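Colleague: Quick one: the structure is below, questions incoming.
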Amino acid sequence: MSTAETTRKDAAAVPRAGDLLGYASGSLGMGVWVTVPGLLLLYFMTHTLGVSPFLAGLTLLLPKILDAIVHPWFGSLSDRRARRDGHRRGLLRWGLLLAFAWIGLFSVPSGVHGWSAALWVGGFYILGNVLYACFQVPYLTTPSDLKIGYHERTRVFMYRMLVLTVGLLGAGVAAPALVADGGRGDYARMSVVLAGFLVVTGVLAIVFIRRLTDRSGFRIPDGGHAHSVLDDLRITWRDRDFRTLTLSYLFTGTTTHIFLAAVPFYTEYKFEDEGLTAVFMGAFLVPAVVAGPIWKKVSQRTGKQRALLICQAVFVVMPLALWPGEALGVGPIVAGIAVLGCAFAGLQLFAFSLIPDIVAAAESRGTARAGAYTGVWTATEATGTAIGPYVYSATLALGGFVSTTEGHRVAQTDSALTALLIGITVVPAALMAVAFAFQRRFALDRMAGR
């Protein structure tokens, strides 16, 4: 079969909606791991475990150094397994053990506080990050593995984004509600409830990944011999478009996770109402569910690159509108957060759906190693999830924010409250501006046929 015939066949492959929903169900559980630690872990450590903001930030950041090694390694390993077995499902099954690390992360024994609590949380965070990578790398490689065309790759990620946003919404609203009293027992019970959710959705994803690859075809990664991780890293880094997109997403992910980490502090100290955390998270994520299909239609007219730049521009401007806080009122703040939620949907949809396009372009050059690309990408994503809370915690520490333990409240200084505001407004806007500057250099989508 000729190259042209193969291209037409790939472009004609249209995955069934039911299979895409089943595949996307894996994002429900993985969304718990992405959202809840980013939303609650910094607050849990500084307000329940008595960990200082600086130490808490380091506890969230340092385990992610390992991710820079683990994710690319799993990417290369999954490529080798795919060449050998014709699928990547083996690693996905091991990733289901994430549920045990999840329970340990929030089940800190009574009497453990301060630096010892930081060690407990950090240890389980490392274990969880490894198991998360074991699932996430082959899971996100699936759209690159399927023999489908440019717009169908966007469609796959649209379904994933819709379901992921539902998961983020459920976790982002349910988790704060389950731990509203702030006690250790509340956090432990929350972790057990959500652990079962992690396992069930992961199993569903594995089942439907098999159906997708059976019906749409599976691209075997190139290479008749084993490649080293360093070799794979060199190939991905030499890809200019991949390098540009990855650097842009590093700052994008950092920005969005600063926002998640800051929301509980913002509601408590600017509105004096911790119950607003669930409200603001709902305002952020509900519009994202609706915006996904709309952004897909926009991209069909403009291409993914231009649509992504629009979303980043919104995130440069809108965080600054949060500065007035209670002086502006809950309604306008909720509206501003909803606009950010719409932009968030596009940030995720377009950045992730450009990866299979990059892999497809690499295939034409004979360097299609989807797992290697995805491993580097998920390592970048994981790094952003850690840098965001760390940057926010460092901002709090510079302002003199004082941590406390369960059942106690500390009056914060004016400088601490100012730092809290800067961390959720000025800092995210500045970081997204850097992401926007990198994204403007991305060239592949300008050449994509639409």
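Naming scheme: A, B, ... for chains in displayed order of the structure tokens; residues 1 onward per chain; ligands 1 onward as shown.
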Near Ala338 in chain A, counting only C-alpha atoms, which residues have an atom at most 8 Å away, once you skip same-chain residues fewer than 3 positions from it, shown as a JSON list (two decimals) with N, CA, C and O atoms, in the first residue's frame?
Modeller:
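The resulting file, around-v1.json, is shown below:
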[["chain", "number", "residue", "atom", "x", "y", "z"],
["A", 283, "ALA", "N", -17.19, 26.82, 39.75],
["A", 283, "ALA", "CA", -17.22, 27.90, 38.76],
["A", 283, "ALA", "C", -16.09, 27.76, 37.75],
["A", 283, "ALA", "O", -16.24, 28.16, 36.59],
["A", 284, "PHE", "N", -14.99, 27.19, 38.16],
["A", 284, "PHE", "CA", -13.84, 26.99, 37.29],
["A", 284, "PHE", "C", -14.05, 25.82, 36.34],
["A", 284, "PHE", "O", -13.69, 25.88, 35.16],
["A", 285, "LEU", "N", -14.66, 24.75, 36.84],
["A", 285, "LEU", "CA", -14.68, 23.50, 36.08],
["A", 285, "LEU", "C", -15.99, 23.25, 35.32],
["A", 285, "LEU", "O", -15.97, 22.61, 34.27],
["A", 286, "VAL", "N", -17.12, 23.73, 35.81],
["A", 286, "VAL", "CA", -18.37, 23.52, 35.08],
["A", 286, "VAL", "C", -18.32, 24.15, 33.68],
["A", 286, "VAL", "O", -18.68, 23.51, 32.69],
["A", 287, "PRO", "N", -17.86, 25.40, 33.54],
["A", 287, "PRO", "CA", -17.76, 25.96, 32.18],
["A", 287, "PRO", "C", -16.80, 25.20, 31.29],
["A", 287, "PRO", "O", -16.98, 25.17, 30.06],
["A", 334, "VAL", "N", -16.92, 34.96, 40.79],
["A", 334, "VAL", "CA", -17.33, 33.69, 40.19],
["A", 334, "VAL", "C", -17.36, 33.79, 38.67],
["A", 334, "VAL", "O", -16.92, 32.87, 37.95],
["A", 335, "ALA", "N", -17.84, 34.90, 38.15],
["A", 335, "ALA", "CA", -17.88, 35.09, 36.69],
["A", 335, "ALA", "C", -16.47, 35.11, 36.11],
["A", 335, "ALA", "O", -16.21, 34.50, 35.05],
["A", 341, "GLY", "N", -12.09, 29.16, 33.61],
["A", 341, "GLY", "CA", -12.42, 27.75, 33.39],
["A", 341, "GLY", "C", -12.60, 27.43, 31.91],
["A", 341, "GLY", "O", -12.15, 26.38, 31.43],
["A", 342, "CYS", "N", -13.25, 28.34, 31.18],
["A", 342, "CYS", "CA", -13.40, 28.13, 29.73],
["A", 342, "CYS", "C", -12.04, 28.09, 29.05],
["A", 342, "CYS", "O", -11.79, 27.25, 28.17]]
Colleague: For range 369-385 of chain A, please output as JSON, numbers by chain all residues within 6 Å (counting only C-alpha atoms; exclusion window: fewer than 6 positions along the same chain).
Modeller: {"A": [64, 67, 68, 71, 72, 75, 76, 78, 79, 137, 141, 221, 232, 250, 253, 254, 257]}
Colleague: Residues near range 349-357 of chain A, anyone? I mean within 9 Å using only C-alpha atoms, not counting same-chain ones fewer than 5 positions away, as a PyMOL selection string.
Modeller: chain A and resi 140-141+143-145+149-150+153-158+160-161+242+245-246+249+292+295-296+299+304-305+307-308+344+362+370+373-374+377+444-445+448
Colleague: One decimal, Å: what's the distance from CA of Val34 in chain A over to CA of Gly172 in chain A, could you say?
Modeller: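 Going from CA of Val34 in chain A over to CA of Gly172 in chain A covers 10.2 Å.
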Colleague: Determine the nearest neighbour of Val203 in chain A from the options A:Met30, A:Val108, A:Leu340, A:Ala17, counting only C-alpha atoms.
Modeller: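 Ranked by minimum distance to Val203 in chain A, first place goes to A:Met30.
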Colleague: Give me the residues within 8 Å of Ser216 in chain A as an mmCIF file with N, CA and C atoms, in the first residue's frame, counting only C-alpha atoms and dropping any in the same chain fewer than 5 places off.
Modeller:
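part-v2.cif was written with the following content:
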data_model
loop_
_atom_site.group_PDB
_atom_site.id
_atom_site.type_symbol
_atom_site.label_atom_id
_atom_site.label_comp_id
_atom_site.auth_asym_id
_atom_site.auth_seq_id
_atom_site.Cartn_x
_atom_site.Cartn_y
_atom_site.Cartn_z
ATOM 1 N N ALA A 13 -10.262 6.612 9.527
ATOM 2 C CA ALA A 13 -10.596 5.868 10.727
ATOM 3 C C ALA A 13 -11.292 6.793 11.720
ATOM 4 N N VAL A 14 -12.511 6.421 12.105
ATOM 5 C CA VAL A 14 -13.291 7.244 13.032
ATOM 6 C C VAL A 14 -13.656 6.383 14.233
ATOM 7 N N PRO A 15 -13.016 6.585 15.381
ATOM 8 C CA PRO A 15 -13.341 5.792 16.575
ATOM 9 C C PRO A 15 -14.778 6.020 17.012
ATOM 10 N N LEU A 146 -3.130 5.294 17.738
ATOM 11 C CA LEU A 146 -4.244 4.983 16.846
ATOM 12 C C LEU A 146 -3.988 5.498 15.431
ATOM 13 N N LYS A 147 -4.437 4.760 14.452
ATOM 14 C CA LYS A 147 -4.273 5.143 13.048
ATOM 15 C C LYS A 147 -5.452 6.023 12.625
ATOM 16 N N ILE A 148 -5.372 7.279 13.036
ATOM 17 C CA ILE A 148 -6.441 8.235 12.771
ATOM 18 C C ILE A 148 -5.832 9.550 12.288
#
Colleague: When you look at range 181-186 of chain A with a cut-off of 10 Å (counting only C-alpha atoms), what residues show up, excluding the ones that are within fewer than 5 positions of it in the same chain? I need them as an mmCIF file with N, CA, C and O atoms, in the first residue's frame.
Modeller:
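File produced: around-v5.cif:
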data_model
loop_
_atom_site.group_PDB
_atom_site.id
_atom_site.type_symbol
_atom_site.label_atom_id
_atom_site.label_comp_id
_atom_site.auth_asym_id
_atom_site.auth_seq_id
_atom_site.Cartn_x
_atom_site.Cartn_y
_atom_site.Cartn_z
ATOM 1 N N TYR A 43 -2.545 23.093 51.607
ATOM 2 C CA TYR A 43 -3.412 23.576 52.688
ATOM 3 C C TYR A 43 -3.434 22.568 53.832
ATOM 4 O O TYR A 43 -3.385 22.946 55.017
ATOM 5 N N PHE A 44 -3.534 21.278 53.532
ATOM 6 C CA PHE A 44 -3.528 20.197 54.524
ATOM 7 C C PHE A 44 -2.259 20.251 55.371
ATOM 8 O O PHE A 44 -2.305 20.135 56.603
ATOM 9 N N HIS A 47 -2.173 23.776 57.452
ATOM 10 C CA HIS A 47 -3.258 24.077 58.376
ATOM 11 C C HIS A 47 -3.653 22.915 59.280
ATOM 12 O O HIS A 47 -4.363 23.134 60.267
ATOM 13 N N THR A 48 -3.239 21.697 58.947
ATOM 14 C CA THR A 48 -3.594 20.538 59.771
ATOM 15 C C THR A 48 -2.360 19.848 60.348
ATOM 16 O O THR A 48 -2.379 19.381 61.495
ATOM 17 N N LEU A 49 -1.280 19.784 59.575
ATOM 18 C CA LEU A 49 -0.083 19.049 60.000
ATOM 19 C C LEU A 49 0.995 19.945 60.583
ATOM 20 O O LEU A 49 2.031 19.446 61.033
ATOM 21 N N PHE A 106 -2.873 10.817 52.486
ATOM 22 C CA PHE A 106 -3.711 11.637 53.356
ATOM 23 C C PHE A 106 -4.010 10.972 54.701
ATOM 24 O O PHE A 106 -4.722 11.562 55.519
ATOM 25 N N SER A 107 -3.486 9.780 54.940
ATOM 26 C CA SER A 107 -3.742 9.076 56.205
ATOM 27 C C SER A 107 -2.526 9.220 57.119
ATOM 28 O O SER A 107 -1.841 8.247 57.432
ATOM 29 N N VAL A 108 -2.269 10.422 57.549
ATOM 30 C CA VAL A 108 -1.115 10.713 58.412
ATOM 31 C C VAL A 108 -1.500 10.411 59.854
ATOM 32 O O VAL A 108 -2.502 10.936 60.356
ATOM 33 N N PRO A 109 -0.740 9.562 60.563
ATOM 34 C CA PRO A 109 -1.097 9.191 61.941
ATOM 35 C C PRO A 109 -1.149 10.403 62.870
ATOM 36 O O PRO A 109 -0.436 11.385 62.678
ATOM 37 N N SER A 110 -1.983 10.321 63.873
ATOM 38 C CA SER A 110 -2.055 11.391 64.871
ATOM 39 C C SER A 110 -0.722 11.466 65.607
ATOM 40 O O SER A 110 -0.064 10.453 65.854
ATOM 41 N N ALA A 175 -13.961 16.640 47.246
ATOM 42 C CA ALA A 175 -12.868 16.520 48.216
ATOM 43 C C ALA A 175 -12.896 17.641 49.260
ATOM 44 O O ALA A 175 -12.806 17.362 50.465
ATOM 45 N N PRO A 176 -13.018 18.928 48.862
ATOM 46 C CA PRO A 176 -13.115 19.970 49.893
ATOM 47 C C PRO A 176 -14.326 19.794 50.807
ATOM 48 O O PRO A 176 -14.261 20.083 52.009
ATOM 49 N N SER A 191 -9.722 9.991 51.350
ATOM 50 C CA SER A 191 -8.779 9.239 50.513
ATOM 51 C C SER A 191 -9.286 7.831 50.215
ATOM 52 O O SER A 191 -9.112 7.327 49.106
ATOM 53 N N GLU A 274 -14.573 29.333 54.027
ATOM 54 C CA GLU A 274 -13.906 28.185 53.412
ATOM 55 C C GLU A 274 -14.851 27.406 52.501
ATOM 56 O O GLU A 274 -14.409 26.701 51.591
ATOM 57 N N THR A 405 -1.753 24.226 63.131
ATOM 58 C CA THR A 405 -2.160 22.828 63.222
ATOM 59 C C THR A 405 -3.673 22.744 63.368
ATOM 60 O O THR A 405 -4.358 23.750 63.568
ATOM 61 N N GLU A 406 -4.180 21.515 63.308
ATOM 62 C CA GLU A 406 -5.619 21.259 63.368
ATOM 63 C C GLU A 406 -6.254 21.908 64.594
ATOM 64 O O GLU A 406 -5.791 21.753 65.718
ATOM 65 N N GLY A 407 -7.344 22.678 64.362
ATOM 66 C CA GLY A 407 -8.078 23.269 65.468
ATOM 67 C C GLY A 407 -7.573 24.618 65.931
ATOM 68 O O GLY A 407 -8.128 25.193 66.867
#
Colleague: Could you tell me which of A:Ala56, A:Val298, A:Val179, A:Leu260 comes closest to Ala118 in chain A if we count only C-alpha atoms?
Modeller: A:Ala56
Colleague: Quote the spacing between CA of Gly57 in chain A and CA of Glu272 in chain A in Å to one decimal place.
Modeller: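 Distance reported for this atom pair: 23.5 Å.
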Colleague: Would you mind listing what lies within 12 Å of Ala435 in chain A as a VMD selection string, with only C-alpha atoms counted and same-chain residues fewer than 3 positions away left out?
Modeller: chain A and resid 244 to 256 308 to 313 315 to 316 347 351 384 428 to 432 438 to 442
Colleague: Could you list, as a ChimeraX atom specification, every residue within 7 Å of Leu198 in chain A, counting only C-alpha atoms and ignoring same-chain residues fewer than 4 positions away?
Modeller: /A:29-30,99,194,202
Colleague: Any chance you could export the current selection's C-alpha atoms as a PDB file, in the first residue's frame?
Modeller:
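Final file, part22.pdb:
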ATOM      1  CA  GLY A  29      -9.535   8.652  38.317  1.00  0.00           C
ATOM      2  CA  MET A  30      -6.296  10.193  37.164  1.00  0.00           C
ATOM      3  CA  ALA A  99      -4.883   3.705  44.961  1.00  0.00           C
ATOM      4  CA  LEU A 194     -11.689   8.293  46.165  1.00  0.00           C
ATOM      5  CA  GLY A 202      -8.588   2.685  35.562  1.00  0.00           C
TER       6      GLY A 202
END
Colleague: What's the separation between CA of Val402 in chain A and CA of Trp323 in chain A, in Å to one decimal place?
Modeller: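 Computing it gives 21.3 Å between the two atoms.
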Colleague: Would you mind telling me which residue in A:Asp19, A:Glu326, A:Asp241, A:Asp214 lies nearest to Leu421 in chain A when using only C-alpha atoms?
Modeller: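 Looking only at the distances to Leu421 in chain A, the closest residue turns out to be A:Glu326.
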Colleague: Using only C-alpha atoms, which residue out of A:Gly217, A:Gly95, A:Gly346, A:Gly50 lies closest to Ala205 in chain A?
Modeller: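 The shortest atom-to-atom distance to Ala205 in chain A comes from A:Gly95.
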Colleague: Just checking: using only C-alpha atoms, which residue out of A:Ser393, A:Thr236, A:Thr165, A:Thr213 ends up closest to Val289 in chain A?
Modeller: A:Thr165
